[in-house]
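Enquirer: Enclosed is the structure file upload05.json (JSON, C-alpha atoms).
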```json
[["chain", "number", "residue", "atom", "x", "y", "z"],
["A", 6, "ALA", "CA", 138.07, 97.59, -20.00],
["A", 7, "ARG", "CA", 140.05, 95.51, -17.52],
["A", 8, "PRO", "CA", 138.24, 92.47, -16.17],
["A", 9, "ALA", "CA", 139.87, 90.38, -13.46],
["A", 10, "SER", "CA", 142.11, 87.69, -14.83],
["A", 11, "ASP", "CA", 141.27, 84.05, -14.26],
["A", 12, "ASN", "CA", 144.50, 83.41, -12.37],
["A", 13, "VAL", "CA", 143.39, 85.91, -9.72],
["A", 14, "LEU", "CA", 139.76, 84.93, -9.67],
["A", 15, "GLU", "CA", 138.08, 81.59, -9.20],
["A", 16, "ARG", "CA", 134.44, 82.20, -9.88],
["A", 17, "SER", "CA", 131.30, 80.14, -9.93],
["A", 18, "PHE", "CA", 127.83, 81.14, -11.02],
["A", 19, "SER", "CA", 124.72, 79.13, -10.33],
["A", 20, "LEU", "CA", 121.59, 80.45, -11.96],
["A", 21, "ARG", "CA", 118.01, 79.35, -12.36],
["A", 22, "PRO", "CA", 117.75, 76.97, -15.33],
["A", 23, "THR", "CA", 115.75, 79.51, -17.32],
["A", 24, "ARG", "CA", 118.63, 81.98, -17.22],
["A", 25, "PRO", "CA", 121.69, 81.34, -19.39],
["A", 26, "ALA", "CA", 124.94, 81.34, -17.45],
["A", 27, "LYS", "CA", 126.46, 83.72, -19.98],
["A", 28, "ASP", "CA", 124.29, 86.47, -18.44],
["A", 29, "MET", "CA", 126.77, 86.64, -15.58],
["A", 30, "GLU", "CA", 130.08, 85.60, -17.10],
["A", 31, "ASN", "CA", 131.23, 89.22, -17.28],
["A", 32, "ILE", "CA", 130.11, 90.31, -13.83],
["A", 33, "PHE", "CA", 133.56, 91.56, -12.91],
["A", 34, "GLN", "CA", 133.51, 93.68, -16.02],
["A", 35, "LEU", "CA", 130.20, 95.10, -14.79],
["A", 36, "ILE", "CA", 131.74, 95.94, -11.41],
["A", 37, "TRP", "CA", 134.61, 97.67, -13.18],
["A", 38, "ASN", "CA", 132.07, 99.60, -15.27],
["A", 39, "VAL", "CA", 130.49, 101.19, -12.19],
["A", 40, "ILE", "CA", 133.70, 102.11, -10.34],
["A", 41, "PRO", "CA", 133.85, 105.91, -10.58],
["A", 42, "PRO", "CA", 137.04, 107.18, -12.20],
["A", 43, "LEU", "CA", 139.27, 109.41, -10.12],
["A", 44, "ALA", "CA", 139.18, 112.90, -11.60],
["A", 45, "PRO", "CA", 140.32, 116.37, -10.49],
["A", 46, "ARG", "CA", 136.92, 117.93, -11.21],
["A", 47, "LYS", "CA", 135.19, 115.88, -8.53],
["A", 48, "HIS", "CA", 134.18, 117.24, -5.16],
["A", 49, "LYS", "CA", 134.33, 115.55, -1.77],
["A", 50, "GLY", "CA", 131.35, 113.31, -1.21],
["A", 51, "GLN", "CA", 130.53, 112.42, -4.81],
["A", 52, "ASP", "CA", 132.03, 108.93, -4.56],
["A", 53, "GLY", "CA", 130.14, 108.02, -1.46],
["A", 54, "LYS", "CA", 128.84, 109.26, 1.88],
["A", 55, "ILE", "CA", 128.15, 106.10, 3.86],
["A", 56, "GLY", "CA", 126.33, 105.97, 7.20],
["A", 57, "ILE", "CA", 127.03, 103.14, 9.66],
["A", 58, "ILE", "CA", 124.21, 102.66, 12.18],
["A", 59, "GLY", "CA", 125.73, 100.79, 15.12],
["A", 60, "GLY", "CA", 128.20, 100.90, 17.96],
["A", 61, "CYS", "CA", 127.44, 100.56, 21.66],
["A", 62, "GLN", "CA", 129.48, 100.20, 24.83],
["A", 63, "GLU", "CA", 130.11, 96.49, 24.28],
["A", 64, "TYR", "CA", 130.75, 96.62, 20.53],
["A", 65, "THR", "CA", 132.95, 99.37, 19.17],
["A", 66, "GLY", "CA", 135.12, 97.40, 16.75],
["A", 67, "ALA", "CA", 132.40, 96.35, 14.31],
["A", 68, "PRO", "CA", 131.24, 99.84, 13.29],
["A", 69, "TYR", "CA", 134.87, 100.91, 12.96],
["A", 70, "PHE", "CA", 135.67, 97.96, 10.69],
["A", 71, "ALA", "CA", 132.63, 98.68, 8.50],
["A", 72, "ALA", "CA", 133.30, 102.41, 8.30],
["A", 73, "ILE", "CA", 137.04, 102.21, 7.62],
["A", 74, "SER", "CA", 136.47, 99.50, 5.01],
["A", 75, "ALA", "CA", 134.04, 101.81, 3.22],
["A", 76, "ARG", "CA", 136.68, 104.55, 3.20],
["A", 77, "LYS", "CA", 139.39, 102.23, 1.90],
["A", 78, "VAL", "CA", 137.18, 100.87, -0.88],
["A", 79, "GLY", "CA", 136.66, 104.42, -2.07],
["A", 80, "ALA", "CA", 133.93, 106.27, -0.16],
["A", 81, "ASP", "CA", 134.80, 109.91, 0.47],
["A", 82, "LEU", "CA", 133.11, 110.05, 3.87],
["A", 83, "SER", "CA", 132.12, 107.50, 6.51],
["A", 84, "HIS", "CA", 129.74, 108.51, 9.30],
["A", 85, "VAL", "CA", 129.23, 106.31, 12.37],
["A", 86, "PHE", "CA", 126.01, 106.85, 14.33],
["A", 87, "CYS", "CA", 126.59, 105.16, 17.69],
["A", 88, "THR", "CA", 125.63, 105.47, 21.34],
["A", 89, "LYS", "CA", 127.17, 108.18, 23.46],
["A", 90, "ASP", "CA", 129.36, 105.80, 25.47],
["A", 91, "ALA", "CA", 130.83, 104.24, 22.31],
["A", 92, "ALA", "CA", 131.66, 107.45, 20.47],
["A", 93, "THR", "CA", 134.95, 108.43, 22.11],
["A", 94, "VAL", "CA", 136.26, 104.88, 21.79],
["A", 95, "ILE", "CA", 135.41, 104.70, 18.08],
["A", 96, "LYS", "CA", 136.88, 108.16, 17.48],
["A", 97, "SER", "CA", 140.12, 106.98, 19.06],
["A", 98, "TYR", "CA", 140.51, 104.21, 16.47],
["A", 99, "SER", "CA", 140.84, 106.55, 13.51],
["A", 100, "PRO", "CA", 140.64, 110.25, 12.59],
["A", 101, "GLU", "CA", 139.19, 109.20, 9.22],
["A", 102, "LEU", "CA", 135.68, 108.67, 10.59],
["A", 103, "ILE", "CA", 132.94, 111.14, 11.49],
["A", 104, "VAL", "CA", 131.35, 109.88, 14.70],
["A", 105, "HIS", "CA", 127.94, 110.96, 15.98],
["A", 106, "PRO", "CA", 127.02, 109.96, 19.58],
["A", 107, "VAL", "CA", 123.27, 109.94, 18.92],
["A", 108, "LEU", "CA", 122.00, 106.38, 18.62],
["A", 109, "ASP", "CA", 120.56, 106.42, 22.13],
["A", 110, "GLN", "CA", 118.64, 109.65, 21.40],
["A", 111, "PRO", "CA", 115.43, 108.99, 19.44],
["A", 112, "ASN", "CA", 115.28, 110.72, 16.04],
["A", 113, "ALA", "CA", 118.44, 112.68, 16.76],
["A", 114, "LEU", "CA", 120.21, 111.82, 13.53],
["A", 115, "LEU", "CA", 117.31, 111.57, 11.14],
["A", 116, "GLU", "CA", 116.27, 115.02, 10.07],
["A", 117, "LYS", "CA", 119.75, 116.48, 9.72],
["A", 118, "TRP", "CA", 121.86, 113.65, 8.38],
["A", 119, "LEU", "CA", 119.77, 111.07, 6.57],
["A", 120, "PRO", "CA", 119.16, 113.11, 3.41],
["A", 121, "ARG", "CA", 122.93, 113.67, 3.07],
["A", 122, "LEU", "CA", 123.87, 109.98, 2.96],
["A", 123, "HIS", "CA", 124.04, 107.75, -0.11],
["A", 124, "THR", "CA", 123.82, 104.37, 1.65],
["A", 125, "LEU", "CA", 123.14, 103.11, 5.16],
["A", 126, "VAL", "CA", 124.78, 100.06, 6.76],
["A", 127, "VAL", "CA", 122.62, 99.05, 9.71],
["A", 128, "GLY", "CA", 123.75, 96.59, 12.36],
["A", 129, "PRO", "CA", 127.53, 96.46, 12.99],
["A", 130, "GLY", "CA", 127.92, 96.67, 16.77],
["A", 131, "LEU", "CA", 124.27, 97.61, 17.21],
["A", 132, "GLY", "CA", 123.71, 95.38, 20.24],
["A", 133, "ARG", "CA", 120.34, 94.13, 21.40],
["A", 134, "ALA", "CA", 119.10, 96.78, 23.81],
["A", 135, "ASP", "CA", 115.42, 97.38, 23.09],
["A", 136, "SER", "CA", 115.77, 101.16, 22.92],
["A", 137, "ILE", "CA", 118.63, 100.98, 20.41],
["A", 138, "LEU", "CA", 116.82, 98.45, 18.23],
["A", 139, "GLU", "CA", 113.76, 100.70, 18.28],
["A", 140, "ASN", "CA", 115.87, 103.65, 17.13],
["A", 141, "ALA", "CA", 117.43, 101.50, 14.39],
["A", 142, "LYS", "CA", 113.94, 100.50, 13.27],
["A", 143, "SER", "CA", 113.01, 104.16, 13.02],
["A", 144, "VAL", "CA", 116.12, 104.84, 10.92],
["A", 145, "ILE", "CA", 115.25, 102.00, 8.54],
["A", 146, "GLU", "CA", 111.68, 103.24, 8.16],
["A", 147, "LYS", "CA", 112.79, 106.80, 7.41],
["A", 148, "ALA", "CA", 115.46, 105.58, 4.97],
["A", 149, "THR", "CA", 113.04, 103.38, 3.05],
["A", 150, "SER", "CA", 110.58, 106.26, 2.80],
["A", 151, "LYS", "CA", 113.34, 108.31, 1.16],
["A", 152, "GLY", "CA", 114.50, 105.49, -1.13],
["A", 153, "ILE", "CA", 117.98, 105.27, 0.40],
["A", 154, "PRO", "CA", 119.76, 101.93, -0.22],
["A", 155, "ILE", "CA", 120.33, 99.93, 2.96],
["A", 156, "VAL", "CA", 122.70, 97.10, 3.89],
["A", 157, "ILE", "CA", 121.58, 95.18, 7.00],
["A", 158, "ASP", "CA", 123.98, 92.98, 8.96],
["A", 159, "ALA", "CA", 124.54, 91.52, 12.43],
["A", 160, "ASP", "CA", 121.99, 92.60, 15.05],
["A", 161, "GLY", "CA", 120.16, 94.58, 12.39],
["A", 162, "LEU", "CA", 119.14, 91.16, 11.06],
["A", 163, "LEU", "CA", 117.72, 90.23, 14.47],
["A", 164, "LEU", "CA", 115.48, 93.26, 14.16],
["A", 165, "VAL", "CA", 114.36, 92.14, 10.68],
["A", 166, "ALA", "CA", 113.66, 88.59, 11.92],
["A", 167, "GLN", "CA", 111.48, 90.05, 14.69],
["A", 168, "GLU", "CA", 109.70, 92.55, 12.42],
["A", 169, "PRO", "CA", 110.14, 91.58, 8.75],
["A", 170, "ALA", "CA", 107.63, 94.18, 7.59],
["A", 171, "ILE", "CA", 110.16, 97.00, 8.12],
["A", 172, "ILE", "CA", 112.15, 95.84, 5.08],
["A", 173, "GLN", "CA", 109.92, 93.34, 3.27],
["A", 174, "GLY", "CA", 109.44, 94.32, -0.37],
["A", 175, "TYR", "CA", 112.05, 97.10, -0.21],
["A", 176, "GLN", "CA", 114.25, 96.09, -3.13],
["A", 177, "ARG", "CA", 116.92, 98.67, -2.38],
["A", 178, "ALA", "CA", 118.03, 96.58, 0.60],
["A", 179, "VAL", "CA", 120.68, 93.88, 0.94],
["A", 180, "LEU", "CA", 120.69, 91.50, 3.93],
["A", 181, "THR", "CA", 123.99, 89.78, 4.77],
["A", 182, "PRO", "CA", 123.27, 86.90, 7.20],
["A", 183, "ASN", "CA", 125.70, 84.25, 8.35],
["A", 184, "PHE", "CA", 124.42, 80.69, 8.82],
["A", 185, "MET", "CA", 122.69, 81.27, 12.16],
["A", 186, "GLU", "CA", 121.21, 84.61, 11.12],
["A", 187, "PHE", "CA", 120.00, 83.09, 7.86],
["A", 188, "SER", "CA", 118.32, 80.22, 9.72],
["A", 189, "ARG", "CA", 116.56, 82.66, 12.04],
["A", 190, "LEU", "CA", 115.30, 84.76, 9.12],
["A", 191, "TYR", "CA", 114.25, 81.71, 7.13],
["A", 192, "GLU", "CA", 112.22, 80.22, 9.97],
["A", 193, "ALA", "CA", 110.61, 83.60, 10.68],
["A", 194, "MET", "CA", 109.55, 84.04, 7.06],
["A", 195, "LEU", "CA", 108.81, 80.48, 5.90],
["A", 196, "THR", "CA", 107.85, 78.90, 9.25],
["A", 197, "GLU", "CA", 109.97, 75.81, 8.62],
["A", 198, "PRO", "CA", 113.61, 74.87, 9.20],
["A", 199, "VAL", "CA", 116.23, 75.54, 6.53],
["A", 200, "ASP", "CA", 117.14, 72.62, 4.30],
["A", 201, "SER", "CA", 120.92, 72.85, 4.66],
["A", 202, "SER", "CA", 121.38, 70.48, 1.71],
["A", 203, "ASP", "CA", 119.76, 73.01, -0.63],
["A", 204, "GLN", "CA", 121.45, 76.36, -0.06],
["A", 205, "HIS", "CA", 120.68, 77.47, -3.61],
["A", 206, "GLY", "CA", 116.95, 76.91, -3.17],
["A", 207, "SER", "CA", 116.88, 78.22, 0.39],
["A", 208, "VAL", "CA", 118.38, 81.61, -0.42],
["A", 209, "LEU", "CA", 116.09, 81.91, -3.44],
["A", 210, "ARG", "CA", 113.00, 81.14, -1.35],
["A", 211, "LEU", "CA", 113.97, 83.52, 1.43],
["A", 212, "SER", "CA", 114.55, 86.37, -1.00],
["A", 213, "GLN", "CA", 111.18, 85.72, -2.62],
["A", 214, "ALA", "CA", 109.48, 85.60, 0.79],
["A", 215, "MET", "CA", 111.13, 88.92, 1.66],
["A", 216, "GLY", "CA", 109.69, 90.51, -1.48],
["A", 217, "ASN", "CA", 112.79, 90.08, -3.67],
["A", 218, "VAL", "CA", 115.15, 91.78, -1.24],
["A", 219, "THR", "CA", 118.73, 90.80, -2.09],
["A", 220, "ILE", "CA", 120.13, 88.22, 0.34],
["A", 221, "VAL", "CA", 123.82, 87.35, 0.82],
["A", 222, "GLN", "CA", 124.12, 84.08, 2.73],
["A", 223, "LYS", "CA", 127.72, 84.07, 3.93],
["A", 224, "GLY", "CA", 129.60, 80.81, 4.39],
["A", 225, "GLU", "CA", 132.11, 78.45, 2.80],
["A", 226, "ARG", "CA", 130.51, 79.68, -0.40],
["A", 227, "ASP", "CA", 128.48, 82.88, -0.53],
["A", 228, "PHE", "CA", 125.00, 82.44, -2.01],
["A", 229, "ILE", "CA", 123.50, 85.67, -3.32],
["A", 230, "SER", "CA", 119.91, 85.99, -4.57],
["A", 231, "ASP", "CA", 117.32, 88.61, -5.48],
["A", 232, "GLY", "CA", 114.56, 86.01, -5.71],
["A", 233, "ASP", "CA", 115.13, 85.69, -9.44],
["A", 234, "LYS", "CA", 118.78, 84.72, -9.84],
["A", 235, "VAL", "CA", 121.26, 83.03, -7.54],
["A", 236, "LEU", "CA", 124.97, 83.78, -7.73],
["A", 237, "VAL", "CA", 127.48, 81.61, -5.89],
["A", 238, "CYS", "CA", 130.80, 83.22, -4.98],
["A", 239, "THR", "CA", 133.55, 80.64, -4.54],
["A", 240, "HIS", "CA", 136.47, 83.03, -4.76],
["A", 241, "GLU", "CA", 139.40, 81.68, -2.74],
["A", 242, "GLY", "CA", 139.76, 83.03, 0.79],
["A", 243, "SER", "CA", 141.26, 81.02, 3.65],
["A", 244, "ASN", "CA", 140.18, 78.72, 6.47],
["A", 245, "ARG", "CA", 140.70, 81.44, 9.09],
["A", 246, "ARG", "CA", 137.38, 82.72, 10.43],
["A", 247, "CYS", "CA", 138.32, 85.69, 12.59],
["A", 248, "GLY", "CA", 135.49, 87.91, 13.80],
["A", 249, "GLY", "CA", 134.93, 91.14, 11.92],
["A", 250, "GLN", "CA", 135.07, 89.89, 8.34],
["A", 251, "GLY", "CA", 131.35, 90.46, 7.94],
["A", 252, "ASP", "CA", 131.84, 94.10, 8.93],
["A", 253, "LEU", "CA", 134.42, 94.51, 6.17],
["A", 254, "LEU", "CA", 131.94, 92.99, 3.72],
["A", 255, "ALA", "CA", 129.08, 95.21, 4.90],
["A", 256, "GLY", "CA", 131.12, 98.40, 4.70],
["A", 257, "SER", "CA", 132.51, 97.65, 1.26],
["A", 258, "LEU", "CA", 129.04, 96.60, 0.07],
["A", 259, "GLY", "CA", 127.67, 99.96, 1.16],
["A", 260, "VAL", "CA", 130.07, 101.68, -1.23],
["A", 261, "LEU", "CA", 129.57, 99.29, -4.14],
["A", 262, "VAL", "CA", 125.80, 99.64, -3.82],
["A", 263, "HIS", "CA", 126.14, 103.42, -4.11],
["A", 264, "TRP", "CA", 128.25, 103.02, -7.25],
["A", 265, "ALA", "CA", 126.12, 100.33, -8.92],
["A", 266, "PHE", "CA", 122.61, 101.56, -8.09],
["A", 267, "PRO", "CA", 122.67, 104.86, -10.00],
["A", 268, "ALA", "CA", 124.98, 103.60, -12.78],
["A", 269, "GLY", "CA", 122.17, 102.79, -15.20],
["A", 270, "PRO", "CA", 121.26, 99.52, -16.93],
["A", 271, "GLU", "CA", 123.69, 100.02, -19.81],
["A", 272, "LYS", "CA", 126.70, 99.90, -17.48],
["A", 273, "ILE", "CA", 125.55, 96.72, -15.74],
["A", 274, "ASN", "CA", 124.05, 95.02, -18.78],
["A", 275, "GLY", "CA", 120.56, 95.17, -17.36],
["A", 276, "GLN", "CA", 121.49, 93.19, -14.26],
["A", 277, "ASN", "CA", 120.24, 93.91, -10.75],
["A", 278, "PRO", "CA", 122.74, 96.46, -9.37],
["A", 279, "PHE", "CA", 122.39, 95.01, -5.87],
["A", 280, "LEU", "CA", 123.44, 91.56, -7.11],
["A", 281, "VAL", "CA", 126.43, 93.06, -8.91],
["A", 282, "ALA", "CA", 127.46, 95.03, -5.82],
["A", 283, "ALA", "CA", 127.00, 92.04, -3.51],
["A", 284, "PHE", "CA", 129.10, 89.74, -5.67],
["A", 285, "GLY", "CA", 131.83, 92.39, -5.78],
["A", 286, "ALA", "CA", 131.83, 92.83, -2.00],
["A", 287, "CYS", "CA", 131.92, 89.07, -1.37],
["A", 288, "SER", "CA", 134.82, 88.60, -3.77],
["A", 289, "LEU", "CA", 136.73, 91.55, -2.33],
["A", 290, "THR", "CA", 136.32, 90.29, 1.24],
["A", 291, "ARG", "CA", 137.56, 86.85, 0.21],
["A", 292, "GLN", "CA", 140.53, 88.33, -1.64],
["A", 293, "CYS", "CA", 141.47, 90.38, 1.44],
["A", 294, "ASN", "CA", 141.17, 87.22, 3.53],
["A", 295, "HIS", "CA", 143.38, 85.29, 1.13],
["A", 296, "GLN", "CA", 146.10, 87.95, 0.98],
["A", 297, "ALA", "CA", 146.17, 88.56, 4.73],
["A", 298, "PHE", "CA", 146.31, 84.84, 5.46],
["A", 299, "GLN", "CA", 149.28, 84.46, 3.12],
["A", 300, "LYS", "CA", 151.15, 86.98, 5.29],
["A", 301, "HIS", "CA", 149.91, 86.18, 8.79],
["A", 302, "GLY", "CA", 148.52, 82.64, 8.80],
["A", 303, "ARG", "CA", 146.66, 81.63, 11.93],
["A", 304, "SER", "CA", 147.37, 84.97, 13.63],
["A", 305, "MET", "CA", 145.48, 86.90, 10.94],
["A", 306, "THR", "CA", 142.85, 89.34, 12.21],
["A", 307, "THR", "CA", 140.36, 91.59, 10.48],
["A", 308, "GLY", "CA", 142.72, 94.54, 10.84],
["A", 309, "ASP", "CA", 145.20, 92.62, 8.68],
["A", 310, "MET", "CA", 142.47, 92.09, 6.09],
["A", 311, "ILE", "CA", 141.57, 95.77, 6.02],
["A", 312, "ALA", "CA", 145.21, 96.59, 5.31],
["A", 313, "GLU", "CA", 144.85, 94.51, 2.13],
["A", 314, "VAL", "CA", 141.77, 96.29, 0.75],
["A", 315, "GLY", "CA", 143.70, 98.51, -1.65],
["A", 316, "THR", "CA", 145.78, 95.80, -3.30],
["A", 317, "ALA", "CA", 142.88, 93.32, -3.30],
["A", 318, "PHE", "CA", 140.61, 95.86, -5.00],
["A", 319, "ASN", "CA", 143.28, 96.55, -7.59],
["A", 320, "LYS", "CA", 143.82, 92.86, -8.34],
["A", 321, "LEU", "CA", 140.14, 92.10, -8.74],
["A", 322, "PHE", "CA", 138.79, 95.16, -10.46],
["A", 323, "GLU", "CA", 141.56, 97.28, -11.90],
["A", 324, "THR", "CA", 144.18, 95.01, -13.48]]
```
Could you express the structure from this file as structure tokens?

Expert:
Amino acid sequence: ARPASDNVLERSFSLRPTRPAKDMENIFQLIWNVIPPLAPRKHKGQDGKIGIIGGCQEYTGAPYFAAISARKVGADLSHVFCTKDAATVIKSYSPELIVHPVLDQPNALLEKWLPRLHTLVVGPGLGRADSILENAKSVIEKATSKGIPIVIDADGLLLVAQEPAIIQGYQRAVLTPNFMEFSRLYEAMLTEPVDSSDQHGSVLRLSQAMGNVTIVQKGERDFISDGDKVLVCTHEGSNRRCGGQGDLLAGSLGVLVHWAFPAGPEKINGQNPFLVAAFGACSLTRQCNHQAFQKHGRSMTTGDMIAEVGTAFNKLFET
């Protein structure tokens, strides 16, 4: 066993008073426990087939960032399901991705591809066109009926705020809102403004209102809750807030969810696998941010962060 060392990791846990803090003191050990070992007997696809639902004419970078991050964290295959006019652009970014130009064709991807995927990441570069949001809603409904874990980010969260019932009570989902997205969701579900002085309580209440769906409220600190516990990730990043970091988090979370969810309670000490995966993805994103900022300073972009995924993963989870 090789938990992250304290000189690499600054961690902070905030739990409900009824839960002893020691429950979570070894969370990085739990993440390490679910990382699948590399072995010659494995076949392509075992360690993750991740589907990214998003990508339109205006937004081609976000689905690429999410999909390539998933590959670099350790997924064997990343599929991007985008609109026809975004497909060639996304393909040009990398030969590593499998790109399907079907998101503007109702039901085109569902019957063939959905059963083959381990996790869906819905939202990066989705855009707000009504027809695309309707197709994304259909994907979410089919995925939940099949029990497929789902990460929802970006404009996927707009869809949830408009129609919470599509994900409410589905505890195999993780929502990853930033401050504005969180406020929109909170007001939609609790019909009152967020109390910004009580982030701990707010994320707990929103998760409970959503039917104990795991929520990751991104910010200066990341607050993560399943409606029972709240984890607070304070791992050091940087003060640079370049666009695209949330896509890196969403893509890496898609992989970690696939590893943690089927691992079994003995490997994660009975903890919620979606909490474990979310804390891992938040910490990894922050470590990538920290390392890239050390090299590039103010000029750092998300591409620089993605280049750090391998060494950041190793520092946090494998040394």

Enquirer: Write out as a tab-separated table a residue-level contact list of range 171-227 of chain A versus range 244-253 of chain A with cut-off 10 Å: for each qualifying residue the closest pair of atoms and the distance in Å to one decimal, counting only C-alpha atoms, rows sorted by chain and residue number upward.

Expert:
```
residue	atom	partner	partner_atom	distance
A:Thr181	CA	A:Gly251	CA	8.0
A:Pro182	CA	A:Gly251	CA	8.9
A:Asn183	CA	A:Gly251	CA	8.4
A:Lys223	CA	A:Gly251	CA	8.4
A:Glu225	CA	A:Asn244	CA	8.9
```

Enquirer: Keeping only C-alpha atoms, write the selected residues to a file as an mmCIF file, in the frame of the given file.

Expert:
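part_22.cif, freshly written:
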```
data_model
loop_
_atom_site.group_PDB
_atom_site.id
_atom_site.type_symbol
_atom_site.label_atom_id
_atom_site.label_comp_id
_atom_site.auth_asym_id
_atom_site.auth_seq_id
_atom_site.Cartn_x
_atom_site.Cartn_y
_atom_site.Cartn_z
ATOM 1 C CA THR A 181 123.990 89.780 4.770
ATOM 2 C CA PRO A 182 123.270 86.900 7.200
ATOM 3 C CA ASN A 183 125.700 84.250 8.350
ATOM 4 C CA LYS A 223 127.720 84.070 3.930
ATOM 5 C CA GLU A 225 132.110 78.450 2.800
#
```

Enquirer: Report, in Å to a single decimal, how far apart CA of Asp227 in chain A and CA of Asp309 in chain A are.

Expert: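 Taking CA of Asp309 in chain A and CA of Asp227 in chain A, their separation equals 21.4 Å.
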
Enquirer: When you draw a straight line from CA of Ser212 in chain A to CA of Ala178 in chain A, how long is it in Å?

Expert: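 Computing it gives 10.9 Å between the two atoms.
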
Enquirer: Can you tell me which residues surround Arg291 in chain A at a distance of at most 8 Å, considering all atoms listed in the file, apart from same-chain residues fewer than 5 positions away, and format the answer as a count of residues only?

Expert: 4

Enquirer: Tell me, as a list in words, which residues lie within 12 Å of Gly152 in chain A, counting all atoms listed in the file; anything in the same chain fewer than 3 positions away does not count.

Expert: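 Once the adjacent positions are removed, what remains is Leu119, Pro120, Leu122, His123, Thr124, Leu125, Ile145, Glu146, Lys147, Ala148, Thr149, Ile155, Ile172, Tyr175, Gln176, Arg177, Ala178 and Phe266 of chain A.
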
Enquirer: One decimal, Å: what's the distance from CA of Asn217 in chain A over to CA of Gly53 in chain A, could you say?

Expert: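 For CA of Asn217 in chain A relative to CA of Gly53 in chain A, the distance reads 25.1 Å.
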
Enquirer: Write out as a PyMOL selection string which residues come within 9 Å of Asn277 in chain A when counting only C-alpha atoms, dropping same-chain ones fewer than 3 positions away.

Expert: chain A and resi 231+265-266+270+273-274+280-282

Enquirer: With all atoms listed in the file as the basis for distance, which of A:Gly130, A:Gln292, A:Glu192, A:Gly161 is at the shortest distance from Asn319 in chain A?

Expert: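 Once distances to Asn319 in chain A are computed over all atoms listed in the file, the minimum belongs to A:Gln292.
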
Enquirer: Please identify all polymer residues within 10 Å of Ala268 in chain A, counting only C-alpha atoms, omitting same-chain residues fewer than 6 positions from it, and present them as a PyMOL selection string.

Expert: chain A and resi 38-41+262+278

Enquirer: Got a sec: who's within 6 Å of range 257-260 of chain A, counting only C-alpha atoms, leaving out chain neighbours fewer than 4 positions off, as a VMD selection string?

Expert: chain A and resid 74 to 75 124 286

Enquirer: Of the candidates A:Ile137, A:Leu195, A:Ile73, A:Leu162, which one gets nearest to Ile55 in chain A if we count all atoms listed in the file?

Expert: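 The answer is A:Ile73, which sits nearest to Ile55 in chain A.
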
Enquirer: Looking at all atoms listed in the file, which of A:Leu254, A:Val199, A:Val126, A:Ile311 is the one that sits closest to Phe284 in chain A?

Expert: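 Checking each of A:Leu254, A:Val199, A:Val126, A:Ile311 against Phe284 in chain A, counting all atoms listed in the file, the winner is A:Leu254.
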
Enquirer: From the set A:Val144, A:Leu138, A:Ile57, A:Asp90, which residue has the shortest atom-to-atom contact distance to Ile103 in chain A, counting only C-alpha atoms?

Expert: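 Checking each candidate against Ile103 in chain A, we get A:Ile57 as the closest.
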
Enquirer: My list of candidates is A:Met215, A:Ala72, A:Val127, A:Val208. Which is closest to Pro169 in chain A when distances are computed with only C-alpha atoms?

Expert: A:Met215

Enquirer: Restricting the calculation to all atoms listed in the file: of A:Val179, A:Val314, A:Met305, A:Ile95, which residue gets closest to Pro154 in chain A?

Expert: A:Val179
